[in-house]
Amino acid sequence: MTATRSYAEWIPEREFIGYGYNTPDPKWPAGAKVAVVFAINYNIGAESSPVNGDKYVETSLLEIGHTVNDPDRFEMVEGQYEYGGRNGVPRLLSLFKKYNIKTTWNISTHAFTLAPYWAKKLAESGHELSCASKRYIDYFEMDPKEEETHIKEAIETLQSTTGDKTIPKGWCIDRRSNTSQRLYTRAHNDISLPLLYSSDSSADDLPFWLPSPLKDDGLKDEGLLIVPFHHECGDMRFNVTGGGFGGPMDFLTMMTEAFDVLYEEGEEGEPKMMTVTLHPHIIGRGSRCYYLEEFIKYIKSKPDVWITTREEVATHWRNTYPYDPKTAFGQTPAPPATPAPYK
């Protein structure tokens with residue numbers, strides 16, 4: 001079959017049952033009841049800004065809301081993100097080192113070009129470095145070929161600023177397009193760089209397989225492993241209107257109760273995974289970091305908890321449940337556009 005390069009949207013069929021009552025045993029290492037991943041989004045300086053050639057300043061994830069599409073630089077907005085690099089990153093690195101925890105840092109790589117100091121420190125830290133593309137912007141309306149350029153540049157930047165030619169092994173763009181997963185899967189294939197997983201889905205509490213987007217290019221279907229993430233226990237809820245946290249204790253309550261439910265399910269024979277999503281400019285504030293540490297102390301006090309990275313979850317799942325195209329999700333036939341008449 002001749003290979004092609006499709007730029008069409010890639011949207012698997014919707015799944016409303018998933019694993020159902022046949023939830024697989026993930027067989028987490030050492031019989032863990034739950035796997036916990038701390039995923040830190042490093043996007044400081046990669047957000048929308050006239051400095052980066054954008055039409056407007058960033059309006060997302062701010063301490064003080066700014067909803068006006070302002071075409072001029074706004075130092076108040078810039079300073080809120082800059083706090084993440086100046087205080088949040090070192091505070092988080094010290095915290096995770098204190099408890100000997102390895103995490104996943106998800107990098108918008110333009111941020112590394114602006115702060116090679118942190119690129120080097122994070123590369124030396126032993127944490128996983130995954131990729132969130134070049135910029136922290138909304139890719140939904142971007143032309144797919146332009147987004148493809150961003151993805152290729154992101155891989156090149158991540159490797160050149162860290163000196164590690166084996167990364168990234170996983171992606172989570174967050175504000176992605178319907179083509180993003182196809183594009184970064186192809187980018188890895190083009191340079192023979194293994195892609196272990198995508199975290200661009202919040203559809204489950206366990207990893208799951210989808211058919212490879214490269215099937216449409218006429219290439220072998222090797223599957224796309226999804227290691228899902230969630231906004232439930234995300235610090236972005238401090239900085240959103242409606243459904244957010246009134247204070248840092250609310251965040252601790254949310255994380256603890258989510259963990260307790262998953263831990264109990266693990267004790268009953270159905271282990272799951274939990275993701276805590278963080279941003280240095282948000283969680284890096286002192287009061288919030290204090291309660292993050294309280295949560296770490298809590299889960300550290302429990303037996304049979306695997307605190308790990310997305311890369312390690314993906315590697316474990318691949319070894320435990322290799323890809324089977326017959327059982328991959330995303331292939332459920334779509335329902336008819338018009339329901340059949342009742343008889």
# chains A, B, ... in the order shown; residues from 1 in each chain; ligands from 1
$ residues_around --residues "Pro211 of chain A" --least-positions-apart "2" --cutoff "12 Å" --atoms "only C-alpha atoms" --output "VMD selection string"
chain A and resid 10 to 13 181 to 182 185 208 to 209 213 to 216 219 to 226 323 to 332
$ closest_atom_pairs --of "segment 266-341 of chain A" --to "segment 116-130 of chain A" --cutoff "9 Å" --atoms "only C-alpha atoms" --output "tab-separated table"
residue	atom	partner	partner_atom	distance
A:Thr309	CA	A:Glu128	CA	6.8
A:Arg310	CA	A:Glu128	CA	7.9
A:Glu311	CA	A:Glu128	CA	7.0
$ residues_around --residues "segment 80-82 of chain A" --least-positions-apart "6" --cutoff "10 Å" --atoms "only C-alpha atoms" --output "PyMOL selection string"
chain A and resi 43-47+58+61-64+88+279-282
$ write_last_selection --atoms "all heavy atoms" --output "CSV table (one decimal), in the first residue's frame"
chain,number,residue,atom,x,y,z
A,43,ASN,N,4.8,25.9,30.9
A,43,ASN,CA,4.4,26.6,29.7
A,43,ASN,C,4.8,28.1,29.9
A,43,ASN,O,4.2,29.0,29.1
A,43,ASN,CB,2.9,26.5,29.4
A,43,ASN,CG,2.0,26.8,30.6
A,43,ASN,OD1,2.4,27.5,31.5
A,43,ASN,ND2,0.8,26.2,30.6
A,44,ILE,N,5.7,28.4,30.8
A,44,ILE,CA,5.9,29.8,31.2
A,44,ILE,C,6.7,30.6,30.0
A,44,ILE,O,7.8,30.2,29.7
A,44,ILE,CB,6.8,29.8,32.4
A,44,ILE,CG1,6.1,29.0,33.5
A,44,ILE,CG2,7.1,31.2,32.9
A,44,ILE,CD1,7.1,28.4,34.5
A,45,GLY,N,6.0,31.5,29.5
A,45,GLY,CA,6.5,32.3,28.4
A,45,GLY,C,6.0,31.8,27.0
A,45,GLY,O,6.2,32.5,26.0
A,46,ALA,N,5.4,30.6,27.0
A,46,ALA,CA,4.9,30.1,25.7
A,46,ALA,C,3.5,30.4,25.5
A,46,ALA,O,2.9,30.0,24.5
A,46,ALA,CB,5.1,28.5,25.7
A,47,GLU,N,2.9,31.1,26.5
A,47,GLU,CA,1.5,31.5,26.4
A,47,GLU,C,1.3,32.6,25.3
A,47,GLU,O,2.2,33.2,24.9
A,47,GLU,CB,0.9,31.9,27.7
A,47,GLU,CG,1.3,33.3,28.2
A,47,GLU,CD,2.7,33.4,28.8
A,47,GLU,OE1,3.4,32.4,28.9
A,47,GLU,OE2,3.1,34.5,29.3
A,58,GLU,N,-2.6,36.5,26.8
A,58,GLU,CA,-3.2,35.3,27.4
A,58,GLU,C,-4.3,35.7,28.3
A,58,GLU,O,-4.2,36.6,29.1
A,58,GLU,CB,-2.2,34.4,28.1
A,58,GLU,CG,-2.7,33.1,28.6
A,58,GLU,CD,-3.2,32.2,27.5
A,58,GLU,OE1,-2.4,31.8,26.7
A,58,GLU,OE2,-4.4,31.9,27.5
A,61,LEU,N,-5.9,30.8,32.9
A,61,LEU,CA,-5.2,30.4,34.1
A,61,LEU,C,-4.5,31.6,34.8
A,61,LEU,O,-3.3,31.5,35.2
A,61,LEU,CB,-4.1,29.3,33.7
A,61,LEU,CG,-4.6,28.1,33.0
A,61,LEU,CD1,-3.5,27.1,32.7
A,61,LEU,CD2,-5.7,27.4,33.8
A,62,LEU,N,-5.2,32.7,35.0
A,62,LEU,CA,-4.7,33.8,35.6
A,62,LEU,C,-5.2,34.0,37.0
A,62,LEU,O,-6.4,33.6,37.3
A,62,LEU,CB,-5.0,35.1,34.8
A,62,LEU,CG,-4.6,35.1,33.4
A,62,LEU,CD1,-5.0,36.4,32.7
A,62,LEU,CD2,-3.0,35.0,33.3
A,63,GLU,N,-4.4,34.5,37.9
A,63,GLU,CA,-4.8,34.8,39.3
A,63,GLU,C,-5.9,35.9,39.3
A,63,GLU,O,-6.9,35.7,40.1
A,63,GLU,CB,-3.6,35.3,40.1
A,63,GLU,CG,-2.5,34.3,40.3
A,63,GLU,CD,-2.9,33.2,41.2
A,63,GLU,OE1,-3.5,33.4,42.2
A,63,GLU,OE2,-2.6,32.0,40.8
A,64,ILE,N,-5.8,36.9,38.5
A,64,ILE,CA,-6.8,37.9,38.4
A,64,ILE,C,-7.3,37.8,37.0
A,64,ILE,O,-6.5,38.0,36.0
A,64,ILE,CB,-6.2,39.3,38.7
A,64,ILE,CG1,-5.7,39.4,40.2
A,64,ILE,CG2,-7.3,40.4,38.5
A,64,ILE,CD1,-5.1,40.7,40.6
A,88,GLY,N,7.9,29.0,41.4
A,88,GLY,CA,7.1,27.7,41.3
A,88,GLY,C,8.0,26.5,41.0
A,88,GLY,O,7.9,25.5,41.6
A,279,HIS,N,0.5,23.4,37.5
A,279,HIS,CA,1.2,24.4,36.8
A,279,HIS,C,2.1,25.2,37.8
A,279,HIS,O,1.6,25.6,38.8
A,279,HIS,CB,0.2,25.4,36.1
A,279,HIS,CG,-0.7,24.7,35.2
A,279,HIS,ND1,-1.8,24.0,35.6
A,279,HIS,CD2,-0.8,24.7,33.8
A,279,HIS,CE1,-2.5,23.5,34.5
A,279,HIS,NE2,-1.9,23.9,33.5
A,280,PRO,N,3.4,25.4,37.5
A,280,PRO,CA,4.2,26.1,38.5
A,280,PRO,C,3.7,27.5,38.9
A,280,PRO,O,3.9,27.9,40.1
A,280,PRO,CB,5.6,26.2,37.8
A,280,PRO,CG,5.5,25.0,36.8
A,280,PRO,CD,4.1,24.9,36.4
A,281,HIS,N,3.1,28.2,38.0
A,281,HIS,CA,2.7,29.6,38.4
A,281,HIS,C,1.4,29.5,39.2
A,281,HIS,O,1.0,30.6,39.8
A,281,HIS,CB,2.5,30.4,37.1
A,281,HIS,CG,1.3,30.1,36.3
A,281,HIS,ND1,1.2,29.0,35.5
A,281,HIS,CD2,0.1,30.8,36.2
A,281,HIS,CE1,0.0,29.1,34.9
A,281,HIS,NE2,-0.7,30.1,35.3
A,282,ILE,N,0.7,28.4,39.3
A,282,ILE,CA,-0.5,28.3,40.1
A,282,ILE,C,-0.2,27.5,41.4
A,282,ILE,O,-0.2,28.1,42.5
A,282,ILE,CB,-1.6,27.5,39.4
A,282,ILE,CG1,-1.9,28.3,38.1
A,282,ILE,CG2,-2.8,27.4,40.3
A,282,ILE,CD1,-3.0,27.6,37.2
$ select_by_dssp --residues "segment 129-166 of chain A" --states "alpha helix (DSSP H)" --output "VMD selection string"
chain A and resid 144 to 162
$ write_last_selection --atoms "all heavy atoms" --output "compact mmCIF listing (two decimals), in the first residue's frame"
# COMPACT_ATOMS: atom_id res chain seq x y z
N PRO A 144 -3.64 22.57 9.85
CA PRO A 144 -2.89 21.35 10.24
C PRO A 144 -1.43 21.37 9.81
O PRO A 144 -0.57 20.86 10.54
CB PRO A 144 -3.67 20.23 9.56
CG PRO A 144 -5.05 20.76 9.39
CD PRO A 144 -4.89 22.23 9.14
N LYS A 145 -1.13 21.95 8.67
CA LYS A 145 0.26 21.96 8.23
C LYS A 145 1.10 22.92 9.08
O LYS A 145 2.29 22.66 9.33
CB LYS A 145 0.34 22.32 6.75
CG LYS A 145 -0.25 21.23 5.86
CD LYS A 145 -0.02 21.51 4.39
CE LYS A 145 -0.58 20.36 3.54
NZ LYS A 145 -0.38 20.58 2.09
N GLU A 146 0.49 24.00 9.55
CA GLU A 146 1.21 24.88 10.46
C GLU A 146 1.40 24.19 11.81
O GLU A 146 2.48 24.29 12.42
CB GLU A 146 0.45 26.19 10.64
CG GLU A 146 1.17 27.18 11.54
CD GLU A 146 0.43 28.50 11.72
OE1 GLU A 146 -0.64 28.67 11.11
OE2 GLU A 146 0.93 29.35 12.47
N GLU A 147 0.37 23.49 12.28
CA GLU A 147 0.51 22.76 13.53
C GLU A 147 1.58 21.68 13.41
O GLU A 147 2.35 21.44 14.35
CB GLU A 147 -0.82 22.14 13.95
CG GLU A 147 -0.71 21.46 15.31
CD GLU A 147 -1.98 20.77 15.77
OE1 GLU A 147 -2.98 20.77 15.03
OE2 GLU A 147 -1.96 20.19 16.88
N GLU A 148 1.66 21.04 12.27
CA GLU A 148 2.69 20.03 12.05
C GLU A 148 4.08 20.64 12.19
O GLU A 148 4.98 20.02 12.78
CB GLU A 148 2.52 19.41 10.66
CG GLU A 148 3.50 18.29 10.37
CD GLU A 148 3.20 17.63 9.03
OE1 GLU A 148 3.10 18.36 8.01
OE2 GLU A 148 3.08 16.40 9.00
N THR A 149 4.25 21.85 11.70
CA THR A 149 5.53 22.55 11.85
C THR A 149 5.83 22.80 13.32
O THR A 149 6.97 22.61 13.78
CB THR A 149 5.52 23.87 11.08
OG1 THR A 149 5.33 23.61 9.68
CG2 THR A 149 6.83 24.63 11.27
N HIS A 150 4.82 23.22 14.08
CA HIS A 150 5.01 23.44 15.52
C HIS A 150 5.46 22.15 16.21
O HIS A 150 6.32 22.18 17.08
CB HIS A 150 3.71 23.94 16.15
CG HIS A 150 3.51 25.41 16.05
ND1 HIS A 150 3.10 26.19 17.10
CD2 HIS A 150 3.66 26.27 15.00
CE1 HIS A 150 3.01 27.45 16.72
NE2 HIS A 150 3.34 27.53 15.44
N ILE A 151 4.85 21.04 15.84
CA ILE A 151 5.15 19.75 16.47
C ILE A 151 6.59 19.33 16.15
O ILE A 151 7.34 18.90 17.05
CB ILE A 151 4.14 18.70 16.02
CG1 ILE A 151 2.79 18.95 16.72
CG2 ILE A 151 4.63 17.28 16.27
CD1 ILE A 151 1.64 18.13 16.18
N LYS A 152 6.99 19.47 14.91
CA LYS A 152 8.35 19.11 14.54
C LYS A 152 9.37 20.00 15.26
O LYS A 152 10.40 19.52 15.75
CB LYS A 152 8.53 19.21 13.02
CG LYS A 152 7.78 18.14 12.24
CD LYS A 152 8.00 18.30 10.75
CE LYS A 152 7.31 17.20 9.96
NZ LYS A 152 7.51 17.36 8.50
N GLU A 153 9.08 21.28 15.31
CA GLU A 153 9.98 22.21 16.00
C GLU A 153 10.03 21.90 17.50
O GLU A 153 11.08 22.04 18.14
CB GLU A 153 9.54 23.65 15.77
CG GLU A 153 9.75 24.12 14.33
CD GLU A 153 9.25 25.55 14.11
OE1 GLU A 153 8.67 26.12 15.07
OE2 GLU A 153 9.44 26.07 13.00
N ALA A 154 8.90 21.47 18.05
CA ALA A 154 8.85 21.15 19.48
C ALA A 154 9.78 19.98 19.80
O ALA A 154 10.52 20.01 20.79
CB ALA A 154 7.42 20.82 19.89
N ILE A 155 9.75 18.95 18.97
CA ILE A 155 10.63 17.80 19.19
C ILE A 155 12.09 18.23 19.09
O ILE A 155 12.92 17.89 19.95
CB ILE A 155 10.33 16.68 18.17
CG1 ILE A 155 8.91 16.13 18.40
CG2 ILE A 155 11.36 15.56 18.28
CD1 ILE A 155 8.47 15.13 17.34
N GLU A 156 12.40 19.01 18.07
CA GLU A 156 13.78 19.46 17.88
C GLU A 156 14.25 20.31 19.07
O GLU A 156 15.38 20.15 19.56
CB GLU A 156 13.88 20.27 16.58
CG GLU A 156 13.66 19.44 15.32
CD GLU A 156 13.54 20.29 14.07
OE1 GLU A 156 13.60 21.54 14.20
OE2 GLU A 156 13.36 19.73 12.97
N THR A 157 13.38 21.19 19.55
CA THR A 157 13.76 22.07 20.66
C THR A 157 13.93 21.29 21.95
O THR A 157 14.89 21.53 22.71
CB THR A 157 12.70 23.17 20.85
OG1 THR A 157 12.61 23.95 19.67
CG2 THR A 157 13.05 24.06 22.03
N LEU A 158 13.02 20.37 22.22
CA LEU A 158 13.12 19.59 23.45
C LEU A 158 14.43 18.80 23.47
O LEU A 158 15.11 18.72 24.50
CB LEU A 158 11.92 18.65 23.56
CG LEU A 158 11.72 17.97 24.92
CD1 LEU A 158 11.52 19.00 26.03
CD2 LEU A 158 10.53 17.02 24.87
N GLN A 159 14.81 18.24 22.34
CA GLN A 159 16.04 17.46 22.27
C GLN A 159 17.28 18.35 22.34
O GLN A 159 18.25 18.02 23.04
CB GLN A 159 16.05 16.62 20.99
CG GLN A 159 14.99 15.53 20.97
CD GLN A 159 15.08 14.65 19.74
OE1 GLN A 159 15.79 14.96 18.78
NE2 GLN A 159 14.35 13.55 19.74
N SER A 160 17.25 19.48 21.65
CA SER A 160 18.44 20.34 21.61
C SER A 160 18.69 21.05 22.94
O SER A 160 19.84 21.24 23.34
CB SER A 160 18.32 21.36 20.48
OG SER A 160 17.25 22.26 20.70
N THR A 161 17.64 21.44 23.64
CA THR A 161 17.82 22.16 24.91
C THR A 161 18.17 21.25 26.07
O THR A 161 18.75 21.69 27.06
CB THR A 161 16.55 22.97 25.27
OG1 THR A 161 15.42 22.09 25.29
CG2 THR A 161 16.32 24.09 24.27
N THR A 162 17.85 19.96 25.94
CA THR A 162 18.14 19.01 27.02
C THR A 162 19.32 18.10 26.69
O THR A 162 19.90 17.48 27.59
CB THR A 162 16.94 18.11 27.31
OG1 THR A 162 16.63 17.32 26.14
CG2 THR A 162 15.72 18.95 27.69
$ residues_around --residues "Arg91 of chain A" --least-positions-apart "4" --cutoff "9 Å" --atoms "only C-alpha atoms" --output "PyMOL selection string"
chain A and resi 87+95-96+280+284-286+289
$ write_last_selection --atoms "N, CA, C and O atoms" --output "compact mmCIF listing (two decimals), in the first residue's frame"
# COMPACT_ATOMS: atom_id res chain seq x y z
N ASN A 87 9.73 31.15 41.03
CA ASN A 87 9.50 30.55 42.34
C ASN A 87 8.85 29.16 42.27
O ASN A 87 9.20 28.28 43.05
N LEU A 95 10.30 20.11 46.54
CA LEU A 95 9.27 19.30 47.19
C LEU A 95 9.33 17.85 46.74
O LEU A 95 9.34 16.92 47.57
N PHE A 96 9.39 17.63 45.45
CA PHE A 96 9.40 16.25 44.95
C PHE A 96 10.71 15.54 45.29
O PHE A 96 10.72 14.32 45.54
N PRO A 280 3.35 25.41 37.51
CA PRO A 280 4.22 26.08 38.49
C PRO A 280 3.74 27.46 38.91
O PRO A 280 3.94 27.85 40.06
N GLY A 284 2.60 26.67 42.57
CA GLY A 284 3.85 27.11 43.17
C GLY A 284 3.71 28.17 44.23
O GLY A 284 4.67 28.49 44.94
N ARG A 285 2.50 28.76 44.37
CA ARG A 285 2.26 29.72 45.45
C ARG A 285 2.32 28.99 46.79
O ARG A 285 1.88 27.85 46.92
N GLY A 286 2.85 29.67 47.79
CA GLY A 286 3.16 29.03 49.06
C GLY A 286 2.02 28.27 49.70
O GLY A 286 2.17 27.10 50.09
N CYS A 289 1.12 25.14 47.67
CA CYS A 289 2.17 24.12 47.72
C CYS A 289 2.15 23.42 49.08
O CYS A 289 2.45 22.22 49.18
$ select_by_dssp --residues "segment 113-266 of chain A" --states "strand (DSSP E or B)" --output "mmCIF file with all heavy atoms, in the first residue's frame"
data_model
loop_
_atom_site.group_PDB
_atom_site.id
_atom_site.type_symbol
_atom_site.label_atom_id
_atom_site.label_comp_id
_atom_site.auth_asym_id
_atom_site.auth_seq_id
_atom_site.Cartn_x
_atom_site.Cartn_y
_atom_site.Cartn_z
ATOM 1 N N GLU A 128 10.462 12.762 34.115
ATOM 2 C CA GLU A 128 10.128 12.586 32.707
ATOM 3 C C GLU A 128 9.811 13.939 32.075
ATOM 4 O O GLU A 128 9.137 14.776 32.688
ATOM 5 C CB GLU A 128 8.905 11.674 32.544
ATOM 6 C CG GLU A 128 8.493 11.512 31.075
ATOM 7 C CD GLU A 128 7.077 11.008 30.866
ATOM 8 O OE1 GLU A 128 6.380 10.722 31.863
ATOM 9 O OE2 GLU A 128 6.669 10.905 29.702
ATOM 10 N N LEU A 129 10.274 14.147 30.850
ATOM 11 C CA LEU A 129 9.927 15.337 30.081
ATOM 12 C C LEU A 129 9.099 14.906 28.874
ATOM 13 O O LEU A 129 9.617 14.293 27.942
ATOM 14 C CB LEU A 129 11.179 16.083 29.627
ATOM 15 C CG LEU A 129 12.147 16.545 30.728
ATOM 16 C CD1 LEU A 129 13.293 17.334 30.127
ATOM 17 C CD2 LEU A 129 11.432 17.367 31.788
ATOM 18 N N SER A 130 7.808 15.206 28.915
ATOM 19 C CA SER A 130 6.931 14.937 27.777
ATOM 20 C C SER A 130 6.703 16.237 27.018
ATOM 21 O O SER A 130 7.246 17.284 27.379
ATOM 22 C CB SER A 130 5.607 14.335 28.245
ATOM 23 O OG SER A 130 4.905 15.242 29.076
ATOM 24 N N CYS A 131 5.893 16.208 25.980
ATOM 25 C CA CYS A 131 5.770 17.369 25.098
ATOM 26 C C CYS A 131 4.328 17.854 25.009
ATOM 27 O O CYS A 131 3.393 17.062 24.869
ATOM 28 C CB CYS A 131 6.295 17.047 23.707
ATOM 29 S SG CYS A 131 6.646 18.535 22.727
ATOM 30 N N TYR A 136 1.859 27.235 24.251
ATOM 31 C CA TYR A 136 0.650 27.032 25.038
ATOM 32 C C TYR A 136 -0.429 27.950 24.471
ATOM 33 O O TYR A 136 -0.674 29.052 24.965
ATOM 34 C CB TYR A 136 0.893 27.321 26.518
ATOM 35 C CG TYR A 136 -0.370 27.182 27.346
ATOM 36 C CD1 TYR A 136 -1.013 25.953 27.436
ATOM 37 C CD2 TYR A 136 -0.929 28.268 28.006
ATOM 38 C CE1 TYR A 136 -2.187 25.816 28.176
ATOM 39 C CE2 TYR A 136 -2.088 28.135 28.743
ATOM 40 C CZ TYR A 136 -2.715 26.913 28.819
ATOM 41 O OH TYR A 136 -3.879 26.777 29.534
ATOM 42 N N GLY A 170 6.126 10.850 25.148
ATOM 43 C CA GLY A 170 4.687 11.017 25.233
ATOM 44 C C GLY A 170 4.287 12.458 25.030
ATOM 45 O O GLY A 170 5.119 13.382 25.094
ATOM 46 N N TRP A 171 2.986 12.660 24.761
ATOM 47 C CA TRP A 171 2.448 13.985 24.466
ATOM 48 C C TRP A 171 1.160 14.245 25.239
ATOM 49 O O TRP A 171 0.387 13.317 25.500
ATOM 50 C CB TRP A 171 2.128 14.106 22.973
ATOM 51 C CG TRP A 171 3.329 14.267 22.099
ATOM 52 C CD1 TRP A 171 4.272 13.308 21.813
ATOM 53 C CD2 TRP A 171 3.721 15.445 21.393
ATOM 54 N NE1 TRP A 171 5.226 13.821 20.978
ATOM 55 C CE2 TRP A 171 4.914 15.131 20.699
ATOM 56 C CE3 TRP A 171 3.188 16.726 21.283
ATOM 57 C CZ2 TRP A 171 5.560 16.062 19.900
ATOM 58 C CZ3 TRP A 171 3.838 17.658 20.484
ATOM 59 C CH2 TRP A 171 5.018 17.327 19.803
ATOM 60 N N TYR A 197 3.092 6.919 24.271
ATOM 61 C CA TYR A 197 1.723 7.194 24.692
ATOM 62 C C TYR A 197 1.291 8.596 24.281
ATOM 63 O O TYR A 197 2.099 9.473 23.965
ATOM 64 C CB TYR A 197 1.592 7.065 26.215
ATOM 65 C CG TYR A 197 2.298 8.164 26.978
ATOM 66 C CD1 TYR A 197 1.640 9.348 27.309
ATOM 67 C CD2 TYR A 197 3.630 8.039 27.368
ATOM 68 C CE1 TYR A 197 2.283 10.366 27.992
ATOM 69 C CE2 TYR A 197 4.271 9.041 28.054
ATOM 70 C CZ TYR A 197 3.596 10.214 28.358
ATOM 71 O OH TYR A 197 4.244 11.210 29.023
ATOM 72 N N SER A 198 -0.021 8.788 24.316
ATOM 73 C CA SER A 198 -0.669 10.096 24.256
ATOM 74 C C SER A 198 -1.512 10.246 25.510
ATOM 75 O O SER A 198 -2.176 9.304 25.927
ATOM 76 C CB SER A 198 -1.559 10.204 23.015
ATOM 77 O OG SER A 198 -2.474 11.283 23.128
ATOM 78 N N PHE A 208 -5.756 2.853 27.777
ATOM 79 C CA PHE A 208 -6.478 2.056 26.774
ATOM 80 C C PHE A 208 -5.846 2.297 25.401
ATOM 81 O O PHE A 208 -5.176 3.310 25.170
ATOM 82 C CB PHE A 208 -7.970 2.389 26.754
ATOM 83 C CG PHE A 208 -8.297 3.838 26.466
ATOM 84 C CD1 PHE A 208 -8.519 4.283 25.169
ATOM 85 C CD2 PHE A 208 -8.389 4.762 27.511
ATOM 86 C CE1 PHE A 208 -8.834 5.618 24.919
ATOM 87 C CE2 PHE A 208 -8.702 6.091 27.270
ATOM 88 C CZ PHE A 208 -8.924 6.523 25.963
ATOM 89 N N TRP A 209 -6.079 1.340 24.529
ATOM 90 C CA TRP A 209 -5.518 1.395 23.186
ATOM 91 C C TRP A 209 -6.536 1.933 22.180
ATOM 92 O O TRP A 209 -7.728 1.641 22.266
ATOM 93 C CB TRP A 209 -5.081 0.014 22.724
ATOM 94 C CG TRP A 209 -3.808 -0.509 23.335
ATOM 95 C CD1 TRP A 209 -3.698 -1.396 24.367
ATOM 96 C CD2 TRP A 209 -2.478 -0.187 22.925
ATOM 97 N NE1 TRP A 209 -2.378 -1.640 24.640
ATOM 98 C CE2 TRP A 209 -1.605 -0.920 23.769
ATOM 99 C CE3 TRP A 209 -1.929 0.637 21.941
ATOM 100 C CZ2 TRP A 209 -0.212 -0.857 23.646
ATOM 101 C CZ3 TRP A 209 -0.551 0.724 21.822
ATOM 102 C CH2 TRP A 209 0.290 -0.027 22.663
ATOM 103 N N LEU A 210 -6.034 2.703 21.217
ATOM 104 C CA LEU A 210 -6.783 3.106 20.030
ATOM 105 C C LEU A 210 -6.019 2.625 18.794
ATOM 106 O O LEU A 210 -4.799 2.427 18.862
ATOM 107 C CB LEU A 210 -6.905 4.633 19.957
ATOM 108 C CG LEU A 210 -7.731 5.335 21.036
ATOM 109 C CD1 LEU A 210 -7.581 6.847 20.891
ATOM 110 C CD2 LEU A 210 -9.192 4.938 20.956
ATOM 111 N N LEU A 224 -2.233 3.266 19.244
ATOM 112 C CA LEU A 224 -1.859 4.468 19.991
ATOM 113 C C LEU A 224 -2.340 4.260 21.413
ATOM 114 O O LEU A 224 -3.546 4.156 21.665
ATOM 115 C CB LEU A 224 -2.514 5.713 19.381
ATOM 116 C CG LEU A 224 -2.253 7.028 20.123
ATOM 117 C CD1 LEU A 224 -0.766 7.391 20.085
ATOM 118 C CD2 LEU A 224 -3.091 8.170 19.532
ATOM 119 N N LEU A 225 -1.410 4.182 22.355
ATOM 120 C CA LEU A 225 -1.763 3.971 23.754
ATOM 121 C C LEU A 225 -2.132 5.297 24.406
ATOM 122 O O LEU A 225 -1.368 6.263 24.343
ATOM 123 C CB LEU A 225 -0.601 3.336 24.516
ATOM 124 C CG LEU A 225 -0.866 3.067 26.014
ATOM 125 C CD1 LEU A 225 -2.011 2.078 26.200
ATOM 126 C CD2 LEU A 225 0.397 2.560 26.696
ATOM 127 N N ILE A 226 -3.295 5.335 25.034
ATOM 128 C CA ILE A 226 -3.753 6.517 25.750
ATOM 129 C C ILE A 226 -3.530 6.320 27.248
ATOM 130 O O ILE A 226 -4.016 5.351 27.833
ATOM 131 C CB ILE A 226 -5.249 6.785 25.487
ATOM 132 C CG1 ILE A 226 -5.521 6.918 23.984
ATOM 133 C CG2 ILE A 226 -5.700 8.027 26.247
ATOM 134 C CD1 ILE A 226 -4.816 8.079 23.320
ATOM 135 N N GLY A 234 -6.943 19.106 39.236
ATOM 136 C CA GLY A 234 -6.017 20.011 38.578
ATOM 137 C C GLY A 234 -6.006 21.371 39.240
ATOM 138 O O GLY A 234 -7.052 21.907 39.621
#
$ closest_residue --among "A:Ile296, A:Ala314, A:Val34, A:Ala111" --to "Met274 of chain A" --atoms "only C-alpha atoms"
A:Val34
$ atom_distance --atom1 "atom CA of Leu92 of chain A" --atom2 "atom CA of Ile40 of chain A"
9.2 Å
$ closest_residue --among "A:Glu232, A:Asp204, A:Glu267, A:Asp138" --to "Pro303 of chain A" --atoms "only C-alpha atoms"
A:Glu267
$ residues_around --residues "Asp25 of chain A" --least-positions-apart "2" --cutoff "7 Å" --atoms "only C-alpha atoms" --output "JSON, numbers by chain"
{"A": [23, 27, 270, 271]}
$ residues_around --residues "Met249 of chain A" --least-positions-apart "3" --cutoff "12 Å" --atoms "only C-alpha atoms" --output "PyMOL selection string"
chain A and resi 235+238+245-246+252-256+287-295
$ closest_residue --among "A:Glu9, A:Thr166, A:Asn106, A:Thr308" --to "Asp143 of chain A" --atoms "only C-alpha atoms"
A:Glu9
$ closest_residue --among "A:Val313, A:Met76, A:Leu196, A:Ala203" --to "Pro29 of chain A" --atoms "only C-alpha atoms"
A:Val313
$ atom_distance --atom1 "atom CA of Ala132 of chain A" --atom2 "atom CA of Gly247 of chain A"
28.0 Å
